[in-house]
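Asker: File work-v9.cif follows (mmCIF, C-alpha atoms):
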data_final
#
loop_
_atom_site.label_atom_id
_atom_site.label_comp_id
_atom_site.auth_asym_id
_atom_site.auth_seq_id
_atom_site.Cartn_x
_atom_site.Cartn_y
_atom_site.Cartn_z
CA MET A 1014 0.00 0.00 0.00
CA SER A 1015 1.35 3.40 -0.90
CA ARG A 1016 2.30 5.88 1.74
CA PRO A 1017 -0.08 8.87 2.09
CA ASP A 1018 1.08 12.45 1.77
CA THR A 1019 1.63 13.40 5.39
CA ASP A 1020 3.13 16.86 5.00
CA HIS A 1021 -0.12 18.48 6.17
CA LEU A 1022 -0.84 15.87 8.82
CA LEU A 1023 1.92 16.62 11.30
CA LEU A 1024 -0.58 17.11 14.11
CA PRO A 1025 -4.11 15.82 14.80
CA ASP A 1026 -6.60 18.69 14.96
CA ALA A 1027 -9.56 18.76 17.35
CA GLU A 1028 -11.31 21.12 14.93
CA ALA A 1029 -10.48 19.09 11.82
CA ASP A 1030 -14.09 18.79 10.66
CA VAL A 1031 -14.77 22.52 11.02
CA ARG A 1032 -14.27 24.86 8.06
CA PRO A 1033 -13.68 28.50 9.09
CA SER A 1034 -15.85 31.23 7.61
CA PRO A 1035 -14.37 34.51 6.29
CA ALA A 1036 -15.00 36.07 9.71
CA ALA A 1037 -13.13 33.20 11.33
CA ARG A 1038 -10.17 33.62 9.00
CA ALA A 1039 -10.03 37.33 9.73
CA ALA A 1040 -9.99 36.67 13.47
CA ARG A 1041 -7.18 34.18 13.08
CA ARG A 1042 -5.15 36.63 11.01
CA ALA A 1043 -5.61 39.18 13.78
CA LEU A 1044 -4.44 36.62 16.31
CA LEU A 1045 -1.36 35.75 14.29
CA ALA A 1046 -0.53 39.43 13.98
CA HIS A 1047 0.73 39.07 17.56
CA PRO A 1048 2.98 35.97 17.22
CA VAL A 1049 5.09 36.74 20.30
CA VAL A 1050 2.00 36.78 22.52
CA LEU A 1051 0.82 33.54 20.96
CA LEU A 1052 4.23 31.89 21.31
CA VAL A 1053 4.53 32.90 24.97
CA GLY A 1054 1.04 31.55 25.58
CA ILE A 1055 1.90 28.22 23.95
CA VAL A 1056 5.11 27.86 25.97
CA LEU A 1057 3.48 28.72 29.31
CA ALA A 1058 0.52 26.45 28.65
CA SER A 1059 2.88 23.62 27.67
CA LEU A 1060 4.89 24.04 30.88
CA ASN A 1061 1.71 23.09 32.74
CA MET A 1062 0.94 19.93 30.78
CA ARG A 1063 2.95 17.61 33.05
CA ALA A 1064 3.90 19.83 35.98
CA ALA A 1065 0.90 19.03 38.16
CA LEU A 1066 1.54 15.30 37.73
CA ALA A 1067 5.31 15.40 38.20
CA SER A 1068 5.03 17.51 41.36
CA VAL A 1069 3.33 14.72 43.32
CA SER A 1070 5.72 11.84 42.81
CA PRO A 1071 8.67 13.08 44.96
CA LEU A 1072 6.22 13.90 47.78
CA VAL A 1073 4.04 10.79 47.68
CA SER A 1074 5.50 9.34 50.90
CA ASP A 1075 4.71 12.52 52.85
CA ILE A 1076 1.21 12.67 51.37
CA SER A 1077 0.64 9.04 52.36
CA GLN A 1078 1.83 9.62 55.91
CA SER A 1079 -0.28 12.75 56.25
CA PHE A 1080 -3.50 10.89 55.45
CA GLY A 1081 -2.46 7.38 56.56
CA LEU A 1082 -2.78 5.97 53.05
CA SER A 1083 -1.75 2.48 51.98
CA SER A 1084 0.39 1.92 48.88
CA THR A 1085 -2.75 1.13 46.88
CA ALA A 1086 -4.54 4.27 48.07
CA SER A 1087 -1.41 6.33 47.43
CA SER A 1088 -1.28 5.12 43.84
CA LEU A 1089 -4.72 6.62 43.29
CA VAL A 1090 -3.18 10.07 43.75
CA THR A 1091 -1.53 9.50 40.37
CA SER A 1092 -4.04 7.09 38.81
CA VAL A 1093 -7.10 9.33 39.23
CA PRO A 1094 -5.68 12.20 37.15
CA VAL A 1095 -4.48 9.76 34.47
CA LEU A 1096 -7.94 8.19 34.34
CA PHE A 1097 -9.45 11.58 33.64
CA LEU A 1098 -6.83 12.26 30.98
CA GLY A 1099 -8.72 9.61 29.03
CA LEU A 1100 -12.22 10.72 29.95
CA GLY A 1101 -11.43 14.38 29.32
CA ALA A 1102 -10.11 13.53 25.85
CA LEU A 1103 -13.64 12.41 24.93
CA VAL A 1104 -15.16 15.87 25.32
CA ALA A 1105 -12.24 18.06 24.21
CA PRO A 1106 -12.96 17.91 20.43
CA TRP A 1107 -16.63 18.74 20.97
CA LEU A 1108 -15.74 21.69 23.21
CA ALA A 1109 -13.22 22.97 20.66
CA ARG A 1110 -15.77 22.82 17.84
CA ARG A 1111 -18.49 24.40 19.96
CA PHE A 1112 -16.58 27.20 21.69
CA GLY A 1113 -13.24 27.46 19.88
CA SER A 1114 -9.81 26.33 21.01
CA GLU A 1115 -8.73 29.57 22.72
CA PRO A 1116 -11.64 29.86 25.22
CA VAL A 1117 -11.48 26.16 26.06
CA LEU A 1118 -7.73 26.30 26.56
CA LEU A 1119 -8.14 29.30 28.89
CA PHE A 1120 -10.80 27.38 30.81
CA ALA A 1121 -8.47 24.36 31.07
CA LEU A 1122 -5.69 26.45 32.60
CA LEU A 1123 -8.05 28.00 35.16
CA LEU A 1124 -9.49 24.56 35.94
CA LEU A 1125 -5.94 23.27 36.42
CA ALA A 1126 -5.15 26.05 38.91
CA VAL A 1127 -8.34 25.29 40.86
CA GLY A 1128 -7.63 21.55 40.81
CA ILE A 1129 -4.12 22.04 42.20
CA LEU A 1130 -5.49 24.12 45.09
CA VAL A 1131 -8.34 21.71 45.81
CA ARG A 1132 -5.85 18.84 45.90
CA VAL A 1133 -4.00 20.33 48.89
CA ALA A 1134 -7.09 20.87 51.04
CA PRO A 1135 -6.94 18.86 54.33
CA SER A 1136 -9.08 15.95 53.19
CA PRO A 1137 -8.49 12.72 51.25
CA VAL A 1138 -11.69 13.45 49.31
CA ALA A 1139 -10.24 16.79 48.21
CA LEU A 1140 -6.95 15.10 47.35
CA TYR A 1141 -8.66 12.78 44.89
CA GLY A 1142 -11.27 15.34 43.78
CA GLY A 1143 -8.53 17.79 42.92
CA GLY A 1144 -6.91 15.00 40.92
CA VAL A 1145 -10.11 14.70 38.88
CA LEU A 1146 -9.97 18.40 38.02
CA VAL A 1147 -6.23 18.27 37.28
CA GLY A 1148 -6.61 15.26 34.97
CA THR A 1149 -9.55 16.80 33.11
CA ALA A 1150 -7.70 20.08 32.61
CA ILE A 1151 -4.54 18.40 31.31
CA ALA A 1152 -6.66 16.23 28.98
CA LEU A 1153 -8.07 19.38 27.38
CA LEU A 1154 -4.55 20.79 26.97
CA ASN A 1155 -3.28 17.50 25.51
CA VAL A 1156 -5.96 17.41 22.83
CA LEU A 1157 -6.18 21.11 21.99
CA MET A 1158 -2.52 22.09 21.80
CA PRO A 1159 -1.51 19.97 18.75
CA GLY A 1160 -4.55 21.10 16.76
CA LEU A 1161 -4.03 24.74 17.66
CA ILE A 1162 -0.41 24.58 16.48
CA LYS A 1163 -1.42 22.81 13.28
CA ARG A 1164 -4.11 25.43 12.62
CA ASP A 1165 -2.09 28.57 13.34
CA PHE A 1166 1.40 27.44 12.26
CA PRO A 1167 0.76 25.12 9.27
CA ASP A 1168 4.14 25.91 7.69
CA ARG A 1169 6.10 25.59 10.93
CA ALA A 1170 4.21 22.78 12.63
CA ALA A 1171 7.28 20.60 13.14
CA SER A 1172 9.37 23.33 14.77
CA MET A 1173 6.44 24.52 16.89
CA THR A 1174 5.83 20.94 17.98
CA SER A 1175 9.42 20.82 19.22
CA VAL A 1176 8.80 24.04 21.13
CA TYR A 1177 5.68 22.80 22.87
CA THR A 1178 6.95 19.30 23.63
CA GLY A 1179 10.24 20.72 24.89
CA ALA A 1180 8.38 23.15 27.16
CA MET A 1181 6.17 20.33 28.41
CA ILE A 1182 9.17 18.20 29.38
CA ALA A 1183 11.00 21.21 30.80
CA GLY A 1184 8.03 21.92 33.05
CA ALA A 1185 8.01 18.36 34.37
CA THR A 1186 11.79 18.50 34.93
CA LEU A 1187 11.65 21.79 36.82
CA VAL A 1188 8.81 20.64 39.05
CA ALA A 1189 10.33 17.23 39.79
CA ALA A 1190 13.63 18.80 40.85
CA SER A 1191 11.95 21.54 42.91
CA SER A 1192 9.26 19.66 44.84
CA VAL A 1193 11.37 18.48 47.78
CA PRO A 1194 13.45 21.69 48.08
CA LEU A 1195 10.24 23.73 48.03
CA GLU A 1196 8.77 21.50 50.73
CA LYS A 1197 11.80 22.18 52.91
CA ALA A 1198 11.67 25.91 52.13
CA PHE A 1199 8.04 26.00 53.25
CA GLY A 1200 8.86 24.37 56.59
CA GLY A 1201 8.09 20.79 55.61
CA SER A 1202 4.70 21.58 54.03
CA TRP A 1203 4.01 19.34 51.07
CA GLU A 1204 0.75 21.23 50.63
CA ALA A 1205 2.57 24.50 49.95
CA SER A 1206 5.03 22.76 47.64
CA LEU A 1207 2.16 21.48 45.47
CA ALA A 1208 0.03 24.62 45.70
CA VAL A 1209 2.73 26.95 44.40
CA TRP A 1210 2.38 25.45 40.91
CA SER A 1211 -1.15 26.83 40.65
CA LEU A 1212 0.57 30.19 40.08
CA LEU A 1213 2.15 28.80 36.90
CA ALA A 1214 -1.29 27.83 35.60
CA VAL A 1215 -2.71 31.26 36.46
CA LEU A 1216 0.19 32.98 34.69
CA ALA A 1217 -0.42 30.89 31.58
CA ALA A 1218 -4.14 31.72 31.74
CA VAL A 1219 -3.35 35.44 31.85
CA THR A 1220 -1.28 35.14 28.66
CA TRP A 1221 -4.18 33.39 26.90
CA LEU A 1222 -6.77 36.02 27.82
CA PRO A 1223 -5.72 38.50 25.06
CA GLN A 1224 -5.89 35.70 22.49
CA VAL A 1225 -9.41 34.80 23.61
CA LEU A 1226 -10.46 38.44 23.26
CA ILE A 1227 -8.88 38.74 19.81
CA ALA A 1228 -10.53 35.53 18.61
CA ARG A 1229 -13.87 36.12 20.34
CA GLY A 1230 -15.61 36.82 17.04
CA ARG A 1231 -14.53 33.47 15.62
CA THR A 1232 -16.74 31.15 17.67
CA GLY A 1233 -20.04 30.46 15.98
CA HIS A 1234 -18.80 31.52 12.54
CA GLU A 1235 -17.45 28.14 11.51
CA VAL A 1236 -19.23 25.87 9.06
CA ARG A 1237 -19.33 22.16 9.78
CA MET A 1238 -17.87 20.15 6.93
CA ALA A 1239 -20.51 17.80 5.54
CA SER A 1240 -19.11 14.32 5.25
CA ALA A 1241 -17.64 12.93 8.32
CA ARG A 1242 -19.74 11.21 10.86
CA PRO A 1243 -18.01 11.30 14.28
CA GLY A 1244 -15.46 8.52 14.49
CA THR A 1245 -15.26 7.87 10.76
CA GLY A 1246 -12.46 8.21 8.26
CA THR A 1247 -12.52 9.12 4.59
CA ALA A 1248 -14.28 5.97 3.48
CA GLY A 1249 -16.91 6.27 6.21
CA LYS A 1250 -15.42 3.40 8.22
CA SER A 1251 -15.35 3.91 11.96
CA VAL A 1252 -11.85 3.96 13.41
CA TRP A 1253 -13.24 1.97 16.32
CA ARG A 1254 -13.79 -0.95 13.91
CA SER A 1255 -10.29 -0.85 12.45
CA ALA A 1256 -7.75 -3.44 13.64
CA LEU A 1257 -4.90 -1.07 12.74
CA ALA A 1258 -6.48 1.73 14.79
CA TRP A 1259 -6.66 -0.59 17.79
CA GLN A 1260 -3.02 -1.59 17.33
CA VAL A 1261 -1.96 2.07 17.33
CA THR A 1262 -4.22 2.74 20.32
CA LEU A 1263 -2.88 -0.17 22.35
CA PHE A 1264 0.71 0.87 21.72
CA MET A 1265 -0.19 4.37 22.87
CA GLY A 1266 -1.80 2.95 26.01
CA LEU A 1267 0.95 0.50 26.91
CA GLN A 1268 3.74 3.05 26.51
CA SER A 1269 1.69 5.50 28.59
CA LEU A 1270 1.24 2.82 31.24
CA TRP A 1271 4.96 2.22 31.72
CA SER A 1272 5.59 5.97 31.83
CA TYR A 1273 2.95 6.70 34.45
CA VAL A 1274 4.21 3.88 36.65
CA LEU A 1275 7.53 5.72 36.68
CA ILE A 1276 5.87 9.09 37.26
CA ALA A 1277 4.06 7.62 40.24
CA TRP A 1278 6.73 5.43 41.77
CA MET A 1279 10.28 6.08 40.52
CA PRO A 1280 11.35 8.28 43.49
CA THR A 1281 9.71 5.84 45.91
CA ILE A 1282 11.58 2.90 44.38
CA PHE A 1283 14.84 4.75 45.02
CA THR A 1284 13.99 5.87 48.57
CA ASP A 1285 12.76 2.38 49.50
CA HIS A 1286 16.28 1.19 48.67
CA GLY A 1287 17.92 3.80 50.91
CA MET A 1288 18.38 6.82 48.68
CA SER A 1289 17.61 10.27 50.09
CA ARG A 1290 14.42 11.95 48.88
CA SER A 1291 16.35 14.93 47.51
CA THR A 1292 18.63 12.74 45.41
CA ALA A 1293 15.69 10.65 44.22
CA GLY A 1294 13.90 13.83 43.15
CA VAL A 1295 16.90 15.05 41.18
CA ILE A 1296 17.30 11.70 39.40
CA PHE A 1297 13.58 11.73 38.63
CA ALA A 1298 14.01 15.22 37.14
CA PHE A 1299 16.94 13.94 35.06
CA ASN A 1300 14.73 11.14 33.76
CA ASN A 1301 12.19 13.75 32.62
CA LEU A 1302 14.85 15.96 31.06
CA ILE A 1303 16.53 13.22 29.06
CA GLN A 1304 13.19 12.36 27.46
CA VAL A 1305 13.69 15.40 25.21
CA ALA A 1306 16.38 13.50 23.27
CA GLY A 1307 14.13 10.57 22.44
CA ALA A 1308 11.05 12.72 21.83
CA PHE A 1309 12.99 14.86 19.34
CA ALA A 1310 14.98 12.22 17.46
CA VAL A 1311 12.58 9.29 17.12
CA PRO A 1312 9.72 11.13 15.34
CA LEU A 1313 12.20 12.58 12.83
CA LEU A 1314 13.46 9.08 12.06
CA ALA A 1315 9.93 7.66 11.96
CA GLY A 1316 8.82 10.15 9.32
CA ARG A 1317 11.60 8.96 7.00
CA MET A 1318 10.69 5.27 7.24
CA ARG A 1319 7.97 3.33 5.45
CA SER A 1320 7.82 0.93 8.40
CA GLN A 1321 8.69 2.00 11.93
CA ARG A 1322 9.34 -1.53 13.22
CA PRO A 1323 13.06 -0.94 13.99
CA LEU A 1324 12.08 2.02 16.15
CA ILE A 1325 9.46 -0.05 17.98
CA VAL A 1326 12.17 -2.57 18.85
CA LEU A 1327 14.56 0.20 19.90
CA VAL A 1328 12.27 2.11 22.27
CA THR A 1329 10.71 -0.96 23.91
CA SER A 1330 14.16 -2.51 24.42
CA LEU A 1331 15.47 0.66 26.07
CA VAL A 1332 12.51 0.84 28.44
CA ALA A 1333 12.76 -2.86 29.28
CA ALA A 1334 16.51 -2.54 29.93
CA GLY A 1335 15.91 0.43 32.22
CA TYR A 1336 13.21 -1.34 34.20
CA ALA A 1337 15.41 -4.45 34.49
CA GLY A 1338 18.14 -2.21 35.88
CA LEU A 1339 15.73 -0.83 38.50
CA MET A 1340 15.07 -4.40 39.55
CA ILE A 1341 18.73 -5.50 39.72
CA ALA A 1342 20.66 -2.43 40.92
CA PRO A 1343 18.24 0.41 41.67
CA VAL A 1344 20.64 2.66 43.60
CA SER A 1345 24.12 1.98 42.23
CA GLY A 1346 22.91 2.29 38.64
CA ALA A 1347 20.19 4.88 39.24
CA TRP A 1348 21.55 7.57 36.92
CA LEU A 1349 22.15 5.08 34.12
CA TRP A 1350 18.69 3.52 34.38
CA ALA A 1351 17.04 6.94 34.56
CA GLY A 1352 18.84 7.96 31.37
CA VAL A 1353 18.07 4.75 29.46
CA LEU A 1354 14.43 4.92 30.54
CA GLY A 1355 14.21 8.59 29.63
CA ILE A 1356 15.42 8.07 26.07
CA GLY A 1357 13.08 5.11 25.69
CA GLN A 1358 10.10 6.93 27.23
CA GLY A 1359 10.57 10.07 25.14
CA GLY A 1360 11.11 8.05 21.99
CA ALA A 1361 8.05 5.89 22.65
CA VAL A 1362 5.62 8.76 23.20
CA GLY A 1363 7.01 10.59 20.16
CA LEU A 1364 6.67 7.43 18.08
CA ALA A 1365 3.13 6.77 19.32
CA LEU A 1366 2.02 10.29 18.38
CA THR A 1367 3.78 10.11 15.03
CA MET A 1368 2.14 6.80 14.15
CA ILE A 1369 -1.28 8.35 14.70
CA VAL A 1370 -0.47 10.67 11.80
CA LEU A 1371 1.35 8.15 9.62
CA ARG A 1372 -1.43 5.56 9.93
CA SER A 1373 -4.13 8.13 9.00
CA GLY A 1374 -5.18 8.88 5.44
CA ASP A 1375 -6.45 12.42 6.08
CA ALA A 1376 -6.78 15.10 8.74
CA GLN A 1377 -10.25 13.97 9.85
CA THR A 1378 -9.05 10.41 10.38
CA ALA A 1379 -6.00 11.67 12.26
CA ALA A 1380 -8.25 13.64 14.62
CA ARG A 1381 -10.55 10.64 15.19
CA LEU A 1382 -7.66 8.25 15.70
CA SER A 1383 -6.01 10.73 18.07
CA GLY A 1384 -9.19 10.92 20.16
CA MET A 1385 -9.51 7.14 20.25
CA ALA A 1386 -5.84 6.58 21.10
CA GLN A 1387 -5.80 9.19 23.86
CA THR A 1388 -9.11 8.10 25.39
CA VAL A 1389 -8.44 4.36 25.47
CA GLY A 1390 -4.71 4.83 25.97
CA TYR A 1391 -4.99 6.95 29.11
CA LEU A 1392 -7.76 4.76 30.54
CA LEU A 1393 -5.39 1.82 30.13
CA ALA A 1394 -2.46 3.82 31.52
CA ALA A 1395 -4.44 4.67 34.67
CA VAL A 1396 -4.31 1.00 35.63
CA GLY A 1397 -0.50 1.06 35.83
CA PRO A 1398 0.21 3.14 38.96
CA LEU A 1399 -2.72 1.57 40.81
CA ALA A 1400 -1.71 -2.00 39.96
CA ALA A 1401 1.96 -1.36 40.77
CA GLY A 1402 1.02 0.11 44.16
CA ALA A 1403 -1.32 -2.77 44.98
CA VAL A 1404 1.24 -5.43 44.04
CA HIS A 1405 3.95 -3.58 45.98
CA GLN A 1406 1.70 -3.50 49.04
CA ALA A 1407 0.88 -7.20 48.69
CA THR A 1408 4.48 -8.37 48.14
CA GLY A 1409 6.39 -5.81 50.20
CA GLY A 1410 8.88 -5.11 47.40
CA TRP A 1411 9.32 -3.85 43.86
CA THR A 1412 10.58 -6.99 42.11
CA ILE A 1413 7.18 -8.35 41.07
CA PRO A 1414 5.69 -4.96 40.07
CA ILE A 1415 8.70 -4.31 37.85
CA ALA A 1416 8.50 -7.83 36.40
CA LEU A 1417 4.87 -7.12 35.45
CA VAL A 1418 5.93 -3.91 33.68
CA LEU A 1419 8.48 -5.94 31.74
CA GLY A 1420 5.49 -8.00 30.57
CA VAL A 1421 3.87 -4.74 29.45
CA CYS A 1422 7.02 -3.98 27.44
CA ALA A 1423 6.73 -7.35 25.71
CA ALA A 1424 3.08 -6.70 24.89
CA ALA A 1425 3.92 -3.21 23.57
CA LEU A 1426 6.60 -4.73 21.35
CA ALA A 1427 4.16 -7.27 19.91
CA VAL A 1428 1.32 -4.83 19.21
CA GLY A 1429 3.74 -2.12 18.09
CA LEU A 1430 5.20 -4.33 15.36
CA PHE A 1431 1.71 -4.58 13.87
CA ALA A 1432 0.97 -0.85 14.30
CA ALA A 1433 4.27 0.10 12.63
CA ARG A 1434 3.41 -1.50 9.28
CA ASP A 1435 3.08 0.75 6.22
CA ARG A 1436 -0.73 0.86 6.25
CA THR A 1437 -3.43 3.47 6.79
CA VAL A 1438 -6.74 3.37 8.62
#
Using structure tokens, write down the structure from this file.

Answerer:
Amino acid sequence: MSRPDTDHLLLPDAEADVRPSPAARAARRALLAHPVVLLVGIVLASLNMRAALASVSPLVSDISQSFGLSSTASSLVTSVPVLFLGLGALVAPWLARRFGSEPVLLFALLLLAVGILVRVAPSPVALYGGGVLVGTAIALLNVLMPGLIKRDFPDRAASMTSVYTGAMIAGATLVAASSVPLEKAFGGSWEASLAVWSLLAVLAAVTWLPQVLIARGRTGHEVRMASARPGTGTAGKSVWRSALAWQVTLFMGLQSLWSYVLIAWMPTIFTDHGMSRSTAGVIFAFNNLIQVAGAFAVPLLAGRMRSQRPLIVLVTSLVAAGYAGLMIAPVSGAWLWAGVLGIGQGGAVGLALTMIVLRSGDAQTAARLSGMAQTVGYLLAAVGPLAAGAVHQATGGWTIPIALVLGVCAAALAVGLFAARDRTV
């Protein structure tokens, strides 16, 4: 089967089945007349896309002690937001088509700030309820940001994607490295350490307000493109009935699962083996930072290949090797394993997102497949931290949980080899 022209499909678009009217185009031109404001808004919004998740992991032991949580209950602190990453992805495209990307993105940032503050209220219910708000807000950002970049920077989508993904990883790195020092600076208050990141969300929201005002005349002026029924591709076939779409979706979910297990538990694995919390936090930050290398290089290579099977083998092998290292020598080899895992994690998420585009025949299919992959993928990923915490609590160690993740790596390799074939949905 021939390879589709993917030059215009760099990013899935939540508004792919909406055709702008002349008034809409005029509003967008006005918005792009202020590119610095738009660029700053994109960078600040992207900094928030992982920060609220990465801030919890180095502090999970203190949070557990504060509320008397078991390992299983502690894992819900991470699993609940991830679960709502999937559920929020269901409504994001509809919201973008109904209200426009700018207002919904502003709402997501404000919701994120509220969720962060709710999460530090003195109640386990608030802890988990805030996680619901945080996960929903980040889901909206996850879905809207690629489409917004594709819409407003069609000729620079690749470079702008590097900007936003780099900012996203930089935000996670900064937060992971700062969480424990901030806790100490605030007199041992994990609540203050988490709450301070609401200011970052508010700052990003402020930068988006002018863009919402500039684009306010756009909403309601779009014309729905006639063909596509929700969930269908160019030939009218539902992506939910496509075996290839499910293979791409499962790879997305499995690679998300192994990443969120690390987000939830990597610092705890180190501290349970005698490492200080500060050192564990710094190594966790290094793991986030090194993901930039894989996230940048692997998609570039993938776009030049008809089949991405060699890259599937590469990224899954790196992640499996890193997890095996955490099982065998978690402290003495910590920096090495964090680096190997980081390259594998970054490469895997970049490859998963790239395959959504490469396996799609047109922009509408890419948007539908993106929604399917993110919804099912994050719902699957939410199981990871919870299951790892439950097995750790039952066994009293990390050997079996890590062995189970190695099984996930094997499954991702198997399904990824099918998803990486030169086919389209």

Asker: In Å, with one decimal, what is the gap from atom CA of A:Arg1169 to atom CA of A:Leu1057?

Answerer: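 According to the coordinates, atom CA of A:Arg1169 and atom CA of A:Leu1057 are separated by 18.8 Å.
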
Asker: Find the residues near A:Leu1118: any atom within 8 Å, counting only C-alpha atoms, skip ones fewer than 6 places away on the same chain, and give them as a list in words.

Answerer: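 Near neighbours after the sequence-gap exclusion: Leu1153, Leu1154, Leu1157 and Trp1221 of chain A.
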
Asker: Quick one: of A:Val1050, A:Ala1306, A:Val1421, A:Leu1426, who's nearest to A:Ile1227, counting all atoms listed in the file?

Answerer: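 Result for the nearest residue to A:Ile1227: A:Val1050.
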
Asker: Please identify every residue of stretch 1300-1401 of chain A that has at least one atom no farther than 12 Å from an atom of stretch 1145-1148 of chain A, counting only C-alpha atoms, and for each give the shortest atom pair and the distance in Å to one decimal, arranged by chain then increasing number, as JSON lines.

Answerer:
{"residue": "A:Tyr1391", "atom": "CA", "partner": "A:Gly1148", "partner_atom": "CA", "distance": 10.3}
{"residue": "A:Leu1392", "atom": "CA", "partner": "A:Gly1148", "partner_atom": "CA", "distance": 11.5}
{"residue": "A:Ala1395", "atom": "CA", "partner": "A:Gly1148", "partner_atom": "CA", "distance": 10.8}

Asker: For A:Gly1363, which residue among A:Ser1175, A:Ala1351, A:Cys1422, A:Gly1184 is the nearest when counting only C-alpha atoms?

Answerer: A:Ser1175

Asker: What is the atom CA of A:Gly1359 to atom CA of A:Leu1051 distance in Å?

Answerer: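 Computed distance, atom CA of A:Gly1359 to atom CA of A:Leu1051, equals 25.8 Å.
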
Asker: Could you state which residues are captured by the PyMOL selection byres ((chain A and resi 1299) around 9) in this file, as number ranges by chain?

Answerer: A: 1186, 1189-1190, 1294-1298, 1300-1304, 1348, 1351-1352, 1355

Asker: Give the answer as one residue: which of A:Ala1185, A:Val1138, A:Ala1205, A:Val1193 has the shortest atom-to-atom distance to A:Ile1276, using only C-alpha atoms?

Answerer: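 Nearest candidate to A:Ile1276 out of A:Ala1185, A:Val1138, A:Ala1205, A:Val1193: A:Ala1185.
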
Asker: Return the single residue from A:Thr1174, A:Gln1358, A:Arg1372, A:Met1279 that is closest to A:Ser1059, with distances computed using all atoms listed in the file.

Answerer: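 Nearest candidate to A:Ser1059 out of A:Thr1174, A:Gln1358, A:Arg1372, A:Met1279: A:Thr1174.
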
Asker: So how many Å separate atom CA of A:Val1056 and atom CA of A:Asp1168, to one decimal?

Answerer: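 Atom-to-atom, atom CA of A:Val1056 to atom CA of A:Asp1168, that is 18.4 Å.
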